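Novice: Compact mmCIF, C-alpha atoms, saved as work.txt, coming up:
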# COMPACT_ATOMS: atom_id res chain seq x y z
CA MET A 30 -103.90 40.52 -2.54
CA GLU A 31 -100.23 40.75 -1.71
CA LEU A 32 -99.40 40.36 -5.42
CA ILE A 33 -101.64 43.29 -6.36
CA ASP A 34 -100.13 45.47 -3.62
CA ARG A 35 -96.65 44.59 -4.78
CA LEU A 36 -97.48 45.33 -8.43
CA LEU A 37 -99.03 48.69 -7.63
CA GLY A 38 -96.34 49.58 -5.11
CA ASP A 39 -93.47 48.76 -7.44
CA THR A 40 -94.94 50.66 -10.41
CA LEU A 41 -96.17 53.75 -8.64
CA TRP A 42 -93.12 55.68 -9.88
CA ILE A 43 -94.24 55.03 -13.46
CA TYR A 44 -97.65 56.58 -12.90
CA THR A 45 -96.26 59.59 -11.03
CA ALA A 46 -93.71 60.15 -13.80
CA ILE A 47 -96.42 60.06 -16.47
CA LEU A 48 -98.70 62.42 -14.53
CA GLY A 49 -95.81 64.76 -13.78
CA SER A 50 -94.88 64.85 -17.47
CA VAL A 51 -98.45 65.62 -18.52
CA PHE A 52 -98.83 68.41 -15.97
CA GLY A 53 -95.39 69.79 -16.86
CA ALA A 54 -96.23 69.86 -20.56
CA ALA A 55 -99.57 71.56 -19.87
CA PHE A 56 -97.88 74.19 -17.71
CA LEU A 57 -95.20 74.89 -20.31
CA ALA A 58 -97.83 75.22 -23.04
CA TYR A 59 -99.52 77.91 -20.95
CA PHE A 60 -96.34 79.52 -19.61
CA LYS A 61 -94.48 80.00 -22.92
CA ASP A 62 -96.79 82.81 -24.09
CA THR A 63 -96.85 84.81 -20.84
CA ARG A 64 -94.55 87.77 -20.20
CA ALA A 65 -92.70 85.84 -17.53
CA GLY A 66 -92.33 82.87 -19.86
CA LEU A 67 -90.94 85.00 -22.66
CA TRP A 68 -88.49 86.59 -20.22
CA CYS A 69 -87.38 83.18 -18.90
CA TYR A 70 -86.91 81.78 -22.40
CA ALA A 71 -84.91 84.86 -23.43
CA LYS A 72 -82.73 84.57 -20.30
CA PHE A 73 -82.15 80.86 -20.90
CA ASP A 74 -81.23 81.60 -24.52
CA SER A 75 -78.76 84.30 -23.49
CA VAL A 76 -77.15 81.95 -20.92
CA LEU A 77 -76.74 79.29 -23.61
CA ASP A 78 -75.23 81.89 -25.96
CA PHE A 79 -72.79 82.93 -23.24
CA VAL A 80 -71.76 79.33 -22.54
CA ARG A 81 -71.38 78.67 -26.27
CA ASP A 82 -69.18 81.72 -26.78
CA ARG A 83 -67.19 81.24 -23.59
CA TYR A 84 -66.34 77.58 -23.99
CA GLY A 85 -66.65 77.23 -27.76
CA TRP A 86 -69.38 74.62 -27.62
CA THR A 87 -70.61 74.65 -31.19
CA TRP A 88 -73.29 72.05 -30.54
CA PHE A 89 -75.43 74.89 -29.10
CA ASP A 90 -75.37 76.65 -32.49
CA GLN A 91 -78.54 76.67 -34.51
CA PRO A 92 -78.39 76.37 -38.28
CA THR A 93 -78.96 79.66 -40.06
CA ASP A 94 -81.98 78.23 -41.87
CA ALA A 95 -83.67 76.83 -38.74
CA TRP A 96 -86.55 79.27 -39.20
CA ARG A 97 -87.31 77.61 -42.56
CA LYS A 98 -88.14 74.36 -40.77
CA LYS A 99 -90.11 76.08 -38.04
CA TYR A 100 -92.23 78.22 -40.40
CA PRO A 101 -92.74 76.24 -43.64
CA HIS A 102 -95.66 78.39 -44.87
CA VAL A 103 -93.64 81.60 -44.55
CA THR A 104 -90.69 79.87 -46.22
CA LYS A 105 -92.82 78.86 -49.18
CA LYS A 106 -94.26 82.36 -49.52
CA ILE A 107 -90.79 83.95 -49.42
CA ASP A 108 -89.44 81.48 -51.98
CA ASP A 109 -92.40 82.17 -54.28
CA LEU A 110 -91.86 85.94 -53.98
CA GLU A 111 -88.13 85.57 -54.68
CA ASP A 112 -88.89 83.51 -57.80
CA ARG A 113 -91.38 86.12 -58.92
CA ILE A 114 -88.87 88.93 -58.41
CA GLU A 115 -86.30 87.06 -60.50
CA GLU A 116 -88.85 86.64 -63.30
CA LEU A 117 -89.74 90.34 -63.20
CA GLU A 118 -86.09 91.34 -63.25
CA GLU A 119 -85.53 89.19 -66.33
CA MET A 120 -88.55 90.75 -68.09
CA ALA A 121 -87.68 94.33 -67.09
CA HIS A 122 -85.82 96.68 -69.37
CA PRO A 123 -82.06 96.50 -69.07
CA SER A 124 -80.50 99.47 -67.38
CA LYS A 125 -79.27 102.10 -69.84
CA ASP A 126 -77.55 105.41 -69.67
CA LEU A 127 -79.55 108.42 -70.80
CA CYS A 128 -77.47 108.78 -73.96
CA GLU A 129 -78.48 105.29 -75.10
CA PHE A 130 -82.16 106.19 -75.56
CA ALA A 131 -83.51 106.84 -79.06
CA GLY A 132 -84.50 110.50 -78.73
CA PHE A 133 -81.47 111.63 -76.75
CA ASP A 134 -79.82 113.61 -79.56
CA ASP A 135 -82.99 115.63 -80.24
CA LEU A 136 -83.40 116.26 -76.52
CA GLU A 137 -79.79 117.40 -76.19
CA THR A 138 -80.06 119.88 -79.06
CA ARG A 139 -83.32 121.26 -77.64
CA ILE A 140 -81.70 121.77 -74.22
CA LYS A 141 -78.75 123.58 -75.80
CA GLU A 142 -81.13 125.86 -77.73
CA LEU A 143 -83.01 126.72 -74.53
CA GLU A 144 -79.75 127.41 -72.68
CA ASN A 145 -78.61 129.73 -75.49
CA GLU A 146 -81.92 131.62 -75.36
CA LEU A 147 -81.59 132.03 -71.61
CA ALA A 148 -78.02 133.21 -71.95
CA LYS A 149 -79.08 135.95 -74.45
CA ARG A 150 -81.55 137.48 -71.97
Please re-express this file's structure in structure tokens.
Specialist:
Amino acid sequence: MELIDRLLGDTLWIYTAILGSVFGAAFLAYFKDTRAGLWCYAKFDSVLDFVRDRYGWTWFDQPTDAWRKKYPHVTKKIDDLEDRIEELEEMAHPSKDLCEFAGFDDLETRIKELENELAKR
């Protein structure tokens, strides 16, 4: 009996730590989407930004492409759209000045004729 009491008494901290972690994780899962949770996370983020800027601690910096790891489906969709845009740009007509089009000379003479007729009136 004394052995069982000693085993349970010595390891009680393990069980309380596990239960505390489970309850803490459950609370954070609920709290992160509330208005107060969003405010607290934003405040914490601004404090970390201040400390990073003030003391030059670069280990608080996030990589610029961190969102790519967090949202892989959005990343894939954006990459697909960018590839598609590049394909369409390659297939599109090259940019030209107006004078480079085939019927430009005829159009220019017609405009001059119309301007002359208007000037005679």
Novice: In Å to one decimal, how far is CA of Asp90 (chain A) from CA of Asp74 (chain A)?
Specialist: 11.1 Å
Novice: What is the CA of Cys128 (chain A)-CA of Glu144 (chain A) distance in Å, reported with one decimal?
Specialist: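 So the two atoms, CA of Cys128 (chain A) and CA of Glu144 (chain A), lie 18.8 Å apart.
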Novice: Rounded to one decimal place, report the CA of Leu57 (chain A)-CA of Lys72 (chain A) distance in Å.
Specialist: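 Result for CA of Leu57 (chain A) versus CA of Lys72 (chain A): 15.8 Å, one decimal.
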